[in-house]
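For reference, the structure is listed below as structure tokens.
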Amino acid sequence: MAEFKDFITLTDPSIIQPDITRCGGISEAVHIARIARRTDTRLVPHGFSTGILLAATVQFLASQDGCDLIEYSQSSSPLFKDLVTNLIPLDDGQVVVPDTPGLGVKLDEDLIERYRVDVSLDARKRVFIEA
């Protein structure tokens with residue numbers, strides 16, 4: 001939050017684009033949104049990498065007054081399009097806030113298994129010893 005506060009104070013931008021996964025989560029994004037409102041800076045979150053981030057961004061925006069724009073990816077990346085089986089659709093330039101519990105995402109377990117990487121200590125030892 002401190003970085004955004006300094007950025008806004010020092011540069012007076014028209015728009016800021018915090019990424020919920022990089023700024024410290026939804027709670028930190030709420031703090032950043034307060035700073036943006038106090039300084040009349042438009043907040044349009046940066047959030048296109050996965051359907052999980054899209055869902056978190058939609059929920060965050062739905063909780064904020066005056067936040068009516070979302071960055072919606074047009075990527076064909078499997079992480080964006082396929083990681084969740086219920087990707088929030090863009091319909092005529094708008095998204096609907098899901099009424100499911102939490103973020104409301106359903107993960108594609110087959111996709112997760114396909115890209116799973118073993119990063120346990122035992123796996124790292126095997127790679128080192130075999131190399």
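We label chains A, B, ... in the order they appear in the structure tokens, count residues from 1 in each chain, and number ligands from 1 in the order shown.
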
Neighbouring residues of range 11-17 of chain A were defined as those with any atom within 12 Å, considering only C-alpha atoms; residues of the same chain fewer than 2 positions away were excluded. Please report them as a PDB file with C-alpha atoms, in the first residue's frame.
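What ended up in part27.pdb:
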```pdb
ATOM      1  CA  GLU A   3       4.186   2.120  -2.716  1.00  0.00           C
ATOM      2  CA  PHE A   4       0.816   3.058  -4.211  1.00  0.00           C
ATOM      3  CA  LYS A   5       0.404   5.930  -1.754  1.00  0.00           C
ATOM      4  CA  ASP A   6       3.824   7.298  -2.708  1.00  0.00           C
ATOM      5  CA  PHE A   7       3.174   6.738  -6.402  1.00  0.00           C
ATOM      6  CA  ILE A   8      -0.161   8.552  -6.266  1.00  0.00           C
ATOM      7  CA  THR A   9       1.190  11.396  -4.137  1.00  0.00           C
ATOM      8  CA  ASP A  19      -2.981  -6.415  -9.175  1.00  0.00           C
ATOM      9  CA  ILE A  20      -4.661  -8.167  -6.241  1.00  0.00           C
ATOM     10  CA  THR A  21      -2.147 -11.022  -6.352  1.00  0.00           C
ATOM     11  CA  ARG A  22       0.826  -8.643  -6.235  1.00  0.00           C
ATOM     12  CA  CYS A  23      -0.321  -5.804  -3.984  1.00  0.00           C
ATOM     13  CA  ALA A  29      -6.472  -3.572  -2.506  1.00  0.00           C
ATOM     14  CA  ILE A  32      -5.348   1.206  -2.063  1.00  0.00           C
ATOM     15  CA  ALA A  33      -8.901   1.926  -3.239  1.00  0.00           C
ATOM     16  CA  ILE A  35      -6.266   6.180  -1.188  1.00  0.00           C
ATOM     17  CA  ALA A  36      -7.473   6.377  -4.784  1.00  0.00           C
ATOM     18  CA  ARG A  37     -10.866   7.750  -3.714  1.00  0.00           C
ATOM     19  CA  ARG A  38      -9.268  10.381  -1.460  1.00  0.00           C
ATOM     20  CA  THR A  39      -7.087  11.593  -4.327  1.00  0.00           C
ATOM     21  CA  ASP A  40      -9.676  11.306  -7.120  1.00  0.00           C
ATOM     22  CA  THR A  41      -7.538   8.675  -8.852  1.00  0.00           C
ATOM     23  CA  ARG A  42      -9.412   6.136 -10.953  1.00  0.00           C
ATOM     24  CA  LEU A  43      -8.818   2.532  -9.946  1.00  0.00           C
ATOM     25  CA  VAL A  44      -8.964  -0.126 -12.673  1.00  0.00           C
ATOM     26  CA  PRO A  45      -7.343  -3.291 -11.310  1.00  0.00           C
ATOM     27  CA  HIS A  46      -4.804  -5.121 -13.426  1.00  0.00           C
ATOM     28  CA  GLY A  47      -5.934  -8.714 -13.399  1.00  0.00           C
ATOM     29  CA  PHE A  48      -5.797 -10.978 -16.382  1.00  0.00           C
ATOM     30  CA  THR A  57     -10.994  -8.887  -8.990  1.00  0.00           C
ATOM     31  CA  CYS A  67     -15.132   1.143  -9.411  1.00  0.00           C
ATOM     32  CA  LEU A  69     -14.096  -0.873 -14.962  1.00  0.00           C
ATOM     33  CA  ILE A  70     -12.243  -4.163 -15.065  1.00  0.00           C
ATOM     34  CA  GLU A  71      -9.345  -5.304 -17.202  1.00  0.00           C
TER      35      GLU A  71
END
```

Out of chain A, which residues get alpha helix (DSSP H) from DSSP, as a PyMOL selection string? chain A and resi 2-11+20-23+26-38+51-62+78-81+109-115+121-130

Point-to-point distance in Å for CA of Leu111 in chain A and CA of Lys81 in chain A: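 Between CA of Lys81 in chain A and CA of Leu111 in chain A the gap works out to 11.0 Å.
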
Between CA of Arg114 in chain A and CA of Leu53 in chain A, what is the distance, to one decimal in Å?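 Taking CA of Arg114 in chain A as the start and CA of Leu53 in chain A as the end point, the length is 20.3 Å.
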
Taking only C-alpha atoms into account, name the residue in A:Thr50, A:Ser120, A:Ser27, A:Ser63 that is nearest to Ser77 in chain A.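 Smallest separation from Ser77 in chain A among the options: A:Thr50.
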
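Between CA of Met1 in chain A and CA of Ile26 in chain A the separation is 11.5 Å.
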
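Among the candidates A:Val30, A:Ile112, A:Leu79, A:Val58, the residue lying nearest to Gln94 in chain A is A:Val58 (atoms considered: only C-alpha atoms).
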
Chain A: which residues are strand (DSSP E) by DSSP, as a list in words?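 These are the residues in question: Ile15, Ile16, Arg42 and Leu43 of chain A.
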
Calculated over only C-alpha atoms, which of the candidates A:Asp91, A:Ser49, A:Gly24, A:Leu54 has the smallest distance to Ser76 in chain A?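 Of A:Asp91, A:Ser49, A:Gly24, A:Leu54, the one nearest Ser76 in chain A is A:Ser49, counting only C-alpha atoms.
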